[in-house]
file upload12.txt (compact mmCIF, C-alpha atoms)
# COMPACT_ATOMS: atom_id res chain seq x y z
CA MET S 1452 -165.01 244.22 52.37
CA ALA S 1453 -164.68 244.58 48.58
CA THR S 1454 -161.83 247.04 48.97
CA SER S 1455 -160.05 244.70 51.38
CA SER S 1456 -160.55 241.76 49.02
CA SER S 1457 -159.25 243.76 46.09
CA SER S 1458 -156.25 244.85 48.13
CA SER S 1459 -155.48 241.25 49.17
CA SER S 1460 -155.84 240.05 45.57
CA SER S 1461 -153.46 242.77 44.39
CA SER S 1462 -150.98 241.83 47.09
CA ILE S 1463 -151.15 238.14 46.11
CA SER S 1464 -150.71 239.03 42.43
CA SER S 1465 -147.67 241.14 43.26
CA SER S 1466 -146.24 238.29 45.31
CA LEU S 1467 -146.79 235.85 42.45
CA VAL S 1468 -145.20 238.20 39.94
CA SER S 1469 -142.32 238.79 42.31
CA GLY S 1470 -141.96 235.05 42.93
CA VAL S 1471 -142.04 234.25 39.21
CA GLY S 1472 -139.52 236.99 38.54
CA THR S 1473 -137.22 235.69 41.25
CA SER S 1474 -137.51 232.14 39.92
CA LEU S 1475 -136.77 233.26 36.36
CA LEU S 1476 -133.79 235.30 37.57
CA SER S 1477 -132.54 232.32 39.56
CA ALA S 1478 -132.88 230.03 36.56
CA ALA S 1479 -131.21 232.56 34.29
CA THR S 1480 -128.41 232.97 36.83
CA GLU S 1481 -127.76 229.23 36.78
CA VAL S 1482 -127.63 229.23 32.97
CA VAL S 1483 -125.23 232.19 32.87
CA ALA S 1484 -123.12 230.69 35.65
CA ALA S 1485 -122.85 227.42 33.75
CA GLY S 1486 -121.72 229.27 30.63
CA ALA S 1487 -119.27 231.36 32.64
CA ASP S 1488 -117.91 228.20 34.23
CA ILE S 1489 -117.15 226.74 30.79
CA VAL S 1490 -115.28 229.91 29.81
CA ALA S 1491 -113.43 229.88 33.14
CA THR S 1492 -112.44 226.25 32.56
CA GLN S 1493 -110.99 227.19 29.16
CA LEU S 1494 -109.09 230.10 30.70
CA ALA S 1495 -107.74 227.86 33.45
CA ASP S 1496 -106.50 225.37 30.87
CA GLU S 1497 -104.82 228.12 28.85
CA LEU S 1498 -102.82 229.04 31.95
CA ALA S 1499 -102.16 225.40 32.79
CA GLN S 1500 -100.98 224.58 29.26
CA ALA S 1501 -97.92 226.81 29.57
CA GLU S 1502 -96.99 225.12 32.83
CA ASP S 1503 -97.49 221.70 31.31
CA GLU S 1504 -95.19 222.55 28.42
CA GLU S 1505 -92.48 223.37 30.96
CA TYR S 1506 -93.20 220.04 32.66
CA GLU S 1507 -92.73 218.18 29.37
CA ALA S 1508 -89.35 219.86 28.84
CA PHE S 1509 -88.34 219.00 32.42
CA GLU S 1510 -89.55 215.43 32.01
CA ALA S 1511 -87.66 214.93 28.74
CA ALA S 1512 -84.43 216.07 30.42
CA ALA S 1513 -85.07 213.88 33.48
CA GLN S 1514 -85.71 210.84 31.33
CA SER S 1515 -82.51 211.42 29.33
CA GLN S 1516 -80.50 211.70 32.54
CA ALA S 1517 -82.02 208.46 33.89
CA GLU S 1518 -81.26 206.57 30.69
CA LEU S 1519 -77.67 207.87 30.66
CA LEU S 1520 -77.21 206.83 34.30
CA TYR S 1521 -78.60 203.38 33.53
CA ALA S 1522 -76.28 202.95 30.55
CA GLN S 1523 -73.28 203.90 32.67
CA GLN S 1524 -74.12 201.64 35.60
CA PHE S 1525 -75.93 198.65 34.16
CA GLY S 1526 -75.57 198.60 30.38
CA THR S 1527 -71.83 198.01 30.00
CA ASP S 1528 -71.95 194.21 29.80
CA GLU S 1529 -74.09 193.22 26.80
CA ARG S 1530 -74.02 189.55 27.85
CA LEU S 1531 -76.18 190.24 30.89
CA VAL S 1532 -77.96 193.59 31.08
CA LYS S 1533 -79.65 194.10 34.42
CA ALA S 1534 -83.14 195.52 34.89
CA ALA S 1535 -83.31 198.47 37.28
CA LEU S 1536 -85.54 201.16 38.73
CA ILE S 1537 -83.75 204.48 38.21
CA PRO S 1538 -85.07 207.33 40.43
CA ARG S 1539 -86.29 210.40 38.60
CA THR S 1540 -84.22 213.57 38.95
CA GLY S 1541 -84.72 215.21 42.35
CA GLU S 1542 -85.91 212.08 44.14
CA THR S 1543 -84.21 211.11 47.39
CA ALA S 1544 -84.66 207.38 46.75
CA PRO S 1545 -81.70 205.17 45.74
CA THR S 1546 -81.44 203.16 42.53
CA ILE S 1547 -83.02 199.70 42.75
CA GLN S 1548 -81.15 196.97 40.89
CA PHE S 1549 -82.63 193.50 40.54
CA MET S 1550 -80.24 190.74 41.54
CA PHE S 1551 -81.77 188.41 38.95
CA ASN S 1552 -83.75 189.70 35.99
CA PRO S 1553 -87.53 189.13 35.87
CA THR S 1554 -88.74 186.06 34.00
CA ASP S 1555 -91.72 187.95 32.57
CA LEU S 1556 -93.31 191.40 32.46
CA GLN S 1557 -97.07 191.42 32.94
CA PHE S 1558 -98.67 194.66 31.72
CA SER S 1559 -102.31 195.56 32.28
CA ARG S 1560 -104.49 198.57 31.54
CA SER S 1561 -108.22 199.18 31.74
CA VAL S 1562 -110.78 201.63 30.44
CA SER S 1563 -113.34 203.07 32.85
CA ILE S 1564 -116.87 202.71 31.46
CA GLU S 1565 -119.97 204.18 33.08
CA MET S 1566 -123.42 202.68 32.61
CA VAL S 1567 -126.36 205.11 32.61
CA ASN S 1568 -128.94 203.61 34.95
CA GLY S 1569 -132.24 202.90 33.18
CA ALA S 1570 -131.03 204.19 29.82
CA ARG S 1571 -131.19 201.72 26.93
CA THR S 1572 -130.24 201.98 23.28
CA PHE S 1573 -132.64 200.99 20.49
CA ARG S 1574 -131.03 197.55 20.54
CA GLY S 1575 -131.96 197.09 24.19
CA LEU S 1576 -128.41 197.37 25.53
CA PRO S 1577 -127.37 199.70 28.37
CA LYS S 1578 -126.34 203.19 27.32
CA VAL S 1579 -122.59 203.42 27.90
CA ASN S 1580 -120.57 206.55 28.58
CA PHE S 1581 -116.81 206.50 28.11
CA GLY S 1582 -115.02 207.25 31.37
CA PHE S 1583 -111.23 207.45 31.51
CA VAL S 1584 -108.24 205.40 30.44
CA GLU S 1585 -106.51 204.08 33.54
CA PRO S 1586 -102.69 204.07 33.85
CA TYR S 1587 -100.64 201.02 32.92
CA GLU S 1588 -99.74 198.61 35.70
CA LEU S 1589 -96.74 196.29 35.52
CA LYS S 1590 -96.44 193.24 37.76
CA LEU S 1591 -93.09 191.63 38.51
CA SER S 1592 -93.48 188.31 40.29
CA GLY S 1593 -91.00 185.93 41.88
CA LEU S 1594 -87.99 188.24 41.96
CA VAL S 1595 -85.16 186.45 43.74
CA PHE S 1596 -82.63 188.10 46.05
CA ASP S 1597 -80.08 185.62 47.39
CA THR S 1598 -77.07 186.30 49.64
CA TYR S 1599 -76.41 182.74 50.82
CA GLU S 1600 -72.86 182.57 49.41
CA SER S 1601 -71.75 185.87 50.90
CA GLY S 1602 -73.71 185.45 54.13
CA ALA S 1603 -74.97 189.05 53.94
CA ASP S 1604 -78.36 190.03 55.33
CA VAL S 1605 -80.82 189.93 52.43
CA TYR S 1606 -83.30 191.99 54.46
CA GLU S 1607 -80.88 194.91 54.21
CA LEU S 1608 -80.29 194.21 50.51
CA ILE S 1609 -83.96 194.86 49.75
CA ALA S 1610 -83.99 198.01 51.92
CA PRO S 1611 -84.38 200.30 48.84
CA LEU S 1612 -87.58 198.46 47.94
CA ARG S 1613 -88.91 198.84 51.46
CA ALA S 1614 -87.96 202.53 51.45
CA ALA S 1615 -90.00 203.10 48.27
CA VAL S 1616 -93.21 202.43 50.22
CA ASP S 1617 -92.08 204.09 53.45
CA PHE S 1618 -93.69 207.47 54.14
CA SER S 1619 -90.56 208.87 55.78
CA SER S 1620 -88.74 208.80 52.44
CA PHE S 1621 -91.55 210.28 50.35
CA GLN S 1622 -91.08 213.40 48.22
CA ASP S 1623 -92.59 216.84 48.91
CA PRO S 1624 -94.40 217.77 45.65
CA PHE S 1625 -94.38 221.50 46.46
CA GLU S 1626 -90.63 221.78 46.20
CA GLU S 1627 -89.53 223.41 42.94
CA GLN S 1628 -86.94 221.41 41.02
CA THR S 1629 -84.38 222.56 38.45
CA ILE S 1630 -82.72 220.49 35.74
CA THR S 1631 -80.30 221.22 32.90
CA ASP S 1632 -80.80 219.30 29.67
CA GLU S 1633 -78.12 218.01 27.28
CA ASN S 1634 -78.18 221.31 25.36
CA GLY S 1635 -77.43 223.35 28.48
CA ASN S 1636 -80.99 224.71 28.82
CA THR S 1637 -82.34 225.03 32.35
CA HIS S 1638 -85.89 223.96 33.22
CA THR S 1639 -87.75 224.43 36.49
CA TYR S 1640 -90.95 222.75 37.56
CA SER S 1641 -93.11 222.29 40.64
CA GLU S 1642 -95.85 219.68 40.76
CA ARG S 1643 -98.23 222.20 42.37
CA THR S 1644 -98.05 225.18 40.03
CA GLN S 1645 -101.51 226.68 39.69
CA ASP S 1646 -101.72 230.24 41.02
CA ALA S 1647 -105.23 231.44 41.85
CA ASN S 1648 -104.10 235.09 41.68
CA ASP S 1649 -102.92 234.68 38.08
CA PHE S 1650 -106.22 233.03 37.22
CA LEU S 1651 -108.21 235.84 38.86
CA SER S 1652 -106.30 238.49 36.91
CA VAL S 1653 -107.15 236.76 33.63
CA MET S 1654 -110.77 236.44 34.74
CA THR S 1655 -110.92 240.17 35.49
CA ASP S 1656 -109.67 241.04 32.01
CA SER S 1657 -112.10 238.67 30.33
CA ALA S 1658 -115.75 239.05 29.34
CA LEU S 1659 -116.71 237.30 32.57
CA SER S 1660 -116.24 240.56 34.45
CA ASN S 1661 -119.03 242.30 32.50
CA ILE S 1662 -121.94 239.91 32.92
CA SER S 1663 -125.32 241.60 33.48
CA LEU S 1664 -128.81 240.18 33.66
CA GLY S 1665 -132.18 241.88 34.06
CA GLY S 1666 -130.75 245.09 35.48
CA PHE S 1667 -128.56 243.21 37.91
CA THR S 1668 -124.78 243.17 37.98
CA ALA S 1669 -122.81 239.99 38.62
CA SER S 1670 -119.98 239.77 41.07
CA ILE S 1671 -117.59 236.94 40.24
CA ASP S 1672 -116.13 234.76 42.94
CA VAL S 1673 -113.74 231.97 42.01
CA ALA S 1674 -114.92 229.21 44.29
CA GLY S 1675 -111.99 227.38 45.83
CA PHE S 1676 -109.79 227.47 42.74
CA SER S 1677 -106.74 225.22 43.04
CA GLU S 1678 -105.20 222.40 41.10
CA TYR S 1679 -107.65 219.54 40.66
CA GLY S 1680 -107.18 216.73 43.13
CA THR S 1681 -105.82 219.06 45.82
CA ASP S 1682 -108.12 220.01 48.67
CA PHE S 1683 -106.07 222.34 50.85
CA SER S 1684 -108.82 222.51 53.47
CA THR S 1685 -108.55 218.83 54.38
CA GLN S 1686 -105.00 217.72 53.54
CA ALA S 1687 -101.94 218.05 55.72
CA LEU S 1688 -99.81 221.14 55.30
CA GLU S 1689 -96.88 218.98 54.27
CA MET S 1690 -98.08 216.89 51.35
CA ARG S 1691 -95.94 213.96 50.21
CA ARG S 1692 -95.88 211.30 47.56
CA PRO S 1693 -93.85 208.13 46.91
CA PRO S 1694 -90.63 208.33 44.88
CA VAL S 1695 -90.92 208.10 41.10
CA TYR S 1696 -88.73 205.77 39.03
CA TYR S 1697 -88.07 204.75 35.44
CA PHE S 1698 -88.22 201.01 34.91
CA ILE S 1699 -85.45 200.35 32.40
CA TRP S 1700 -84.22 197.04 31.04
CA GLY S 1701 -81.81 196.96 28.15
CA GLU S 1702 -82.97 199.14 25.27
CA HIS S 1703 -86.43 199.80 26.71
CA ASN S 1704 -87.47 202.49 29.17
CA TYR S 1705 -90.78 200.82 29.86
CA MET S 1706 -92.47 203.11 32.34
CA ARG S 1707 -92.29 206.17 34.60
CA CYS S 1708 -93.82 204.69 37.72
CA MET S 1709 -94.27 204.37 41.44
CA ILE S 1710 -94.16 201.14 43.42
CA LYS S 1711 -97.83 200.59 44.13
CA ASP S 1712 -97.60 197.24 45.92
CA LEU S 1713 -94.70 195.42 47.52
CA SER S 1714 -94.76 191.96 49.07
CA PHE S 1715 -91.78 189.83 50.00
CA LYS S 1716 -91.16 186.52 51.70
CA LEU S 1717 -87.95 185.49 53.46
CA THR S 1718 -87.35 181.85 52.55
CA MET S 1719 -83.84 180.90 53.72
CA PHE S 1720 -81.95 181.60 56.94
CA LEU S 1721 -78.51 180.93 58.36
CA PRO S 1722 -78.25 179.03 61.68
CA ASN S 1723 -77.95 182.37 63.49
CA GLY S 1724 -81.32 183.47 62.04
CA ARG S 1725 -79.97 185.86 59.41
CA PRO S 1726 -82.19 185.84 56.30
CA VAL S 1727 -80.28 185.14 53.08
CA ARG S 1728 -83.01 184.69 50.48
CA ALA S 1729 -86.09 186.74 49.65
CA MET S 1730 -88.85 186.28 47.08
CA VAL S 1731 -90.31 189.63 46.03
CA ASP S 1732 -93.46 190.62 44.13
CA LEU S 1733 -93.83 194.17 42.82
CA SER S 1734 -96.66 196.11 41.24
CA LEU S 1735 -95.56 199.25 39.38
CA GLN S 1736 -98.08 201.89 38.30
CA GLU S 1737 -97.56 204.46 35.56
CA VAL S 1738 -97.66 208.08 36.76
CA ASP S 1739 -97.93 211.49 35.10
CA LEU S 1740 -96.67 214.43 37.16
CA GLY S 1741 -97.91 217.07 34.71
CA VAL S 1742 -100.51 219.78 35.31
CA ALA S 1743 -104.12 218.65 35.64
CA SER S 1744 -106.38 219.53 32.70
CA HIS S 1745 -109.66 221.03 33.88
CA SER S 1746 -111.37 220.12 30.60
CA LEU S 1747 -110.41 216.45 30.83
CA SER S 1748 -110.93 216.11 34.58
CA GLU S 1749 -114.16 215.45 36.42
CA ARG S 1750 -116.23 218.62 36.08
CA LYS S 1751 -116.11 220.95 39.06
CA GLN S 1752 -117.64 224.37 39.57
CA ILE S 1753 -115.09 227.16 39.30
CA VAL S 1754 -117.29 230.26 39.03
CA ASP S 1755 -119.95 231.32 41.53
CA LEU S 1756 -122.20 234.21 40.38
CA SER S 1757 -124.19 236.31 42.85
CA TYR S 1758 -126.40 239.16 41.60
CA SER S 1759 -127.36 242.45 43.23
CA SER S 1760 -129.39 245.37 41.91
call {"tool": "encode", "arguments": {"input": "upload12.txt", "output": "structure tokens"}}
result
Amino acid sequence: MATSSSSSSSSISSSLVSGVGTSLLSAATEVVAAGADIVATQLADELAQAEDEEYEAFEAAAQSQAELLYAQQFGTDERLVKAALIPRTGETAPTIQFMFNPTDLQFSRSVSIEMVNGARTFRGLPKVNFGFVEPYELKLSGLVFDTYESGADVYELIAPLRAAVDFSSFQDPFEEQTITDENGNTHTYSERTQDANDFLSVMTDSALSNISLGGFTASIDVAGFSEYGTDFSTQALEMRRPPVYYFIWGEHNYMRCMIKDLSFKLTMFLPNGRPVRAMVDLSLQEVDLGVASHSLSERKQIVDLSYSS
């Protein structure tokens, strides 16, 4: 009986040692994986930075072209300069000209603040974490479109506004675009530019490929690497987005934006039922089509480490 008891005790001790060792290895793996993920995030941003620089060059050329087009079409009469939404280079949407200029421009912007539940400062106030700065929003209210004198259909006059929130006229963000700036330099850019293969090659050449722990060797698997905000497993194969405009009025290019909200009311009709007056409210939201920064975005796991002896 003593021998059996001793054997059982030894077996239990071995199991405990093995269990403790496994737990320590698991904990150490999580620590190393977290560190590797930080390095991977930095590497991803180094790759993304070059793409974003190309975006900035493309965007500068697109903005210059839009401002030149506006000056040619709407800025010739200094007595009455019209406000307009000029489509960004490559968009299929038409230019939107306001029949009467807005009476006011209402800008708004907010900062996202996160409260830590249960955490209080020494002054008894909630502990606050800074979140993100939200994009600007511009509201244009009471825009008048009137065709009473000509008898034209005002519903058709505001067709470009209706098209801006119509899915059938949305842009495919995967399509690569090319633009030539005023100096004759050519720039190309696609809104979905991250290449997982390029990222993997950089990972292989980095110190991440030589991680070892307790006699075990790590195999690195980049878990679902793609541009942030894009989940290819759940989204449609053909991804689209609304057209992008520059809101320009006189000397000011106020915003690169999309039409976030559109509401209109038909308020006057001819005897035959044709609408000849519309009151329109618009909400424009600032957009940035550049490459997502992994460091500034919500943290996501990039590296998955699995160990084998």
call {"tool": "residues_around", "arguments": {"input": "upload12.txt", "residues": "Phe1596 in chain S", "least_positions_apart": "4", "cutoff": "10 Å", "atoms": "only C-alpha atoms", "output": "JSON, numbers by chain"}}
result
{"S": [1549, 1550, 1551, 1605, 1606, 1608, 1609, 1717, 1727, 1728, 1729, 1730, 1731]}
call {"tool": "atom_distance", "arguments": {"input": "upload12.txt", "atom1": "CA of Glu1627 in chain S", "atom2": "CA of Thr1639 in chain S"}}
result
6.8 Å
call {"tool": "residues_near_point", "arguments": {"input": "upload12.txt", "point": "(-108.1, 202.7, 32.0)", "cutoff": "9 Å", "atoms": "all atoms listed in the file", "output": "PyMOL selection string"}}
result
chain S and resi 1560-1564+1582-1587
call {"tool": "closest_residue", "arguments": {"input": "upload12.txt", "among": "S:Tyr1640, S:Trp1700, S:Phe1573, S:Phe1581", "to": "Tyr1521 in chain S", "atoms": "only C-alpha atoms"}}
result
S:Trp1700
call {"tool": "atom_distance", "arguments": {"input": "upload12.txt", "atom1": "CA of Gln1500 in chain S", "atom2": "CA of Asp1739 in chain S"}}
result
14.7 Å
call {"tool": "closest_residue", "arguments": {"input": "upload12.txt", "among": "S:Lys1590, S:Arg1691, S:Lys1578, S:Lys1533", "to": "Gln1736 in chain S", "atoms": "all atoms listed in the file"}}
result
S:Lys1590
call {"tool": "atom_distance", "arguments": {"input": "upload12.txt", "atom1": "CA of Met1709 in chain S", "atom2": "CA of Pro1694 in chain S"}}
result
6.4 Å
call {"tool": "residues_near_point", "arguments": {"input": "upload12.txt", "point": "(-81.2, 208.4, 46.8)", "cutoff": "12 Å", "atoms": "only C-alpha atoms", "output": "list in words"}}
result
Leu1536, Ile1537, Pro1538, Arg1539, Thr1540, Gly1541, Glu1542, Thr1543, Ala1544, Pro1545, Thr1546, Ile1547, Ala1610, Pro1611, Leu1612, Ala1614, Ala1615, Ser1620, Phe1621, Gln1622, Pro1694, Val1695 and Tyr1696 of chain S
call {"tool": "residues_around", "arguments": {"input": "upload12.txt", "residues": "Asn1580 in chain S", "least_positions_apart": "6", "cutoff": "12 Å", "atoms": "only C-alpha atoms", "output": "list in words"}}
result
Val1562, Ser1563, Ile1564, Glu1565, Met1566, Val1567, Asn1568, Ala1570, Arg1571 and Thr1572 of chain S
call {"tool": "closest_residue", "arguments": {"input": "upload12.txt", "among": "S:Thr1492, S:Tyr1599, S:Leu1520, S:Pro1577", "to": "Pro1722 in chain S", "atoms": "all atoms listed in the file"}}
result
S:Tyr1599
call {"tool": "decode", "arguments": {"input": "upload12.txt", "residues": "range 1598-1630 of chain S", "atoms": "C-alpha atoms", "output": "tab-separated table (two decimals), in the first residue's frame"}}
result
chain	number	residue	atom	x	y	z
S	1598	THR	CA	-38.66	76.28	-61.49
S	1599	TYR	CA	-42.04	78.04	-61.44
S	1600	GLU	CA	-41.14	80.60	-64.12
S	1601	SER	CA	-39.75	78.05	-66.56
S	1602	GLY	CA	-42.32	75.37	-65.73
S	1603	ALA	CA	-39.60	72.70	-65.58
S	1604	ASP	CA	-39.90	69.70	-63.26
S	1605	VAL	CA	-38.02	70.58	-60.07
S	1606	TYR	CA	-37.96	66.89	-59.10
S	1607	GLU	CA	-35.63	66.28	-62.04
S	1608	LEU	CA	-33.58	69.37	-61.17
S	1609	ILE	CA	-32.64	67.86	-57.81
S	1610	ALA	CA	-31.86	64.47	-59.40
S	1611	PRO	CA	-28.08	64.86	-58.70
S	1612	LEU	CA	-28.85	65.20	-55.00
S	1613	ARG	CA	-31.03	62.11	-55.06
S	1614	ALA	CA	-28.33	60.22	-56.97
S	1615	ALA	CA	-25.75	61.03	-54.27
S	1616	VAL	CA	-27.64	58.79	-51.83
S	1617	ASP	CA	-28.64	56.16	-54.37
S	1618	PHE	CA	-26.69	52.89	-54.12
S	1619	SER	CA	-26.76	52.31	-57.88
S	1620	SER	CA	-24.48	55.31	-58.41
S	1621	PHE	CA	-22.01	54.52	-55.64
S	1622	GLN	CA	-18.28	54.14	-56.27
S	1623	ASP	CA	-16.28	50.89	-56.13
S	1624	PRO	CA	-13.39	51.63	-53.71
S	1625	PHE	CA	-11.25	48.78	-55.07
S	1626	GLU	CA	-10.80	50.41	-58.45
S	1627	GLU	CA	-7.37	51.98	-58.84
S	1628	GLN	CA	-7.44	55.60	-59.97
S	1629	THR	CA	-4.81	57.66	-61.78
S	1630	ILE	CA	-4.40	61.43	-61.79
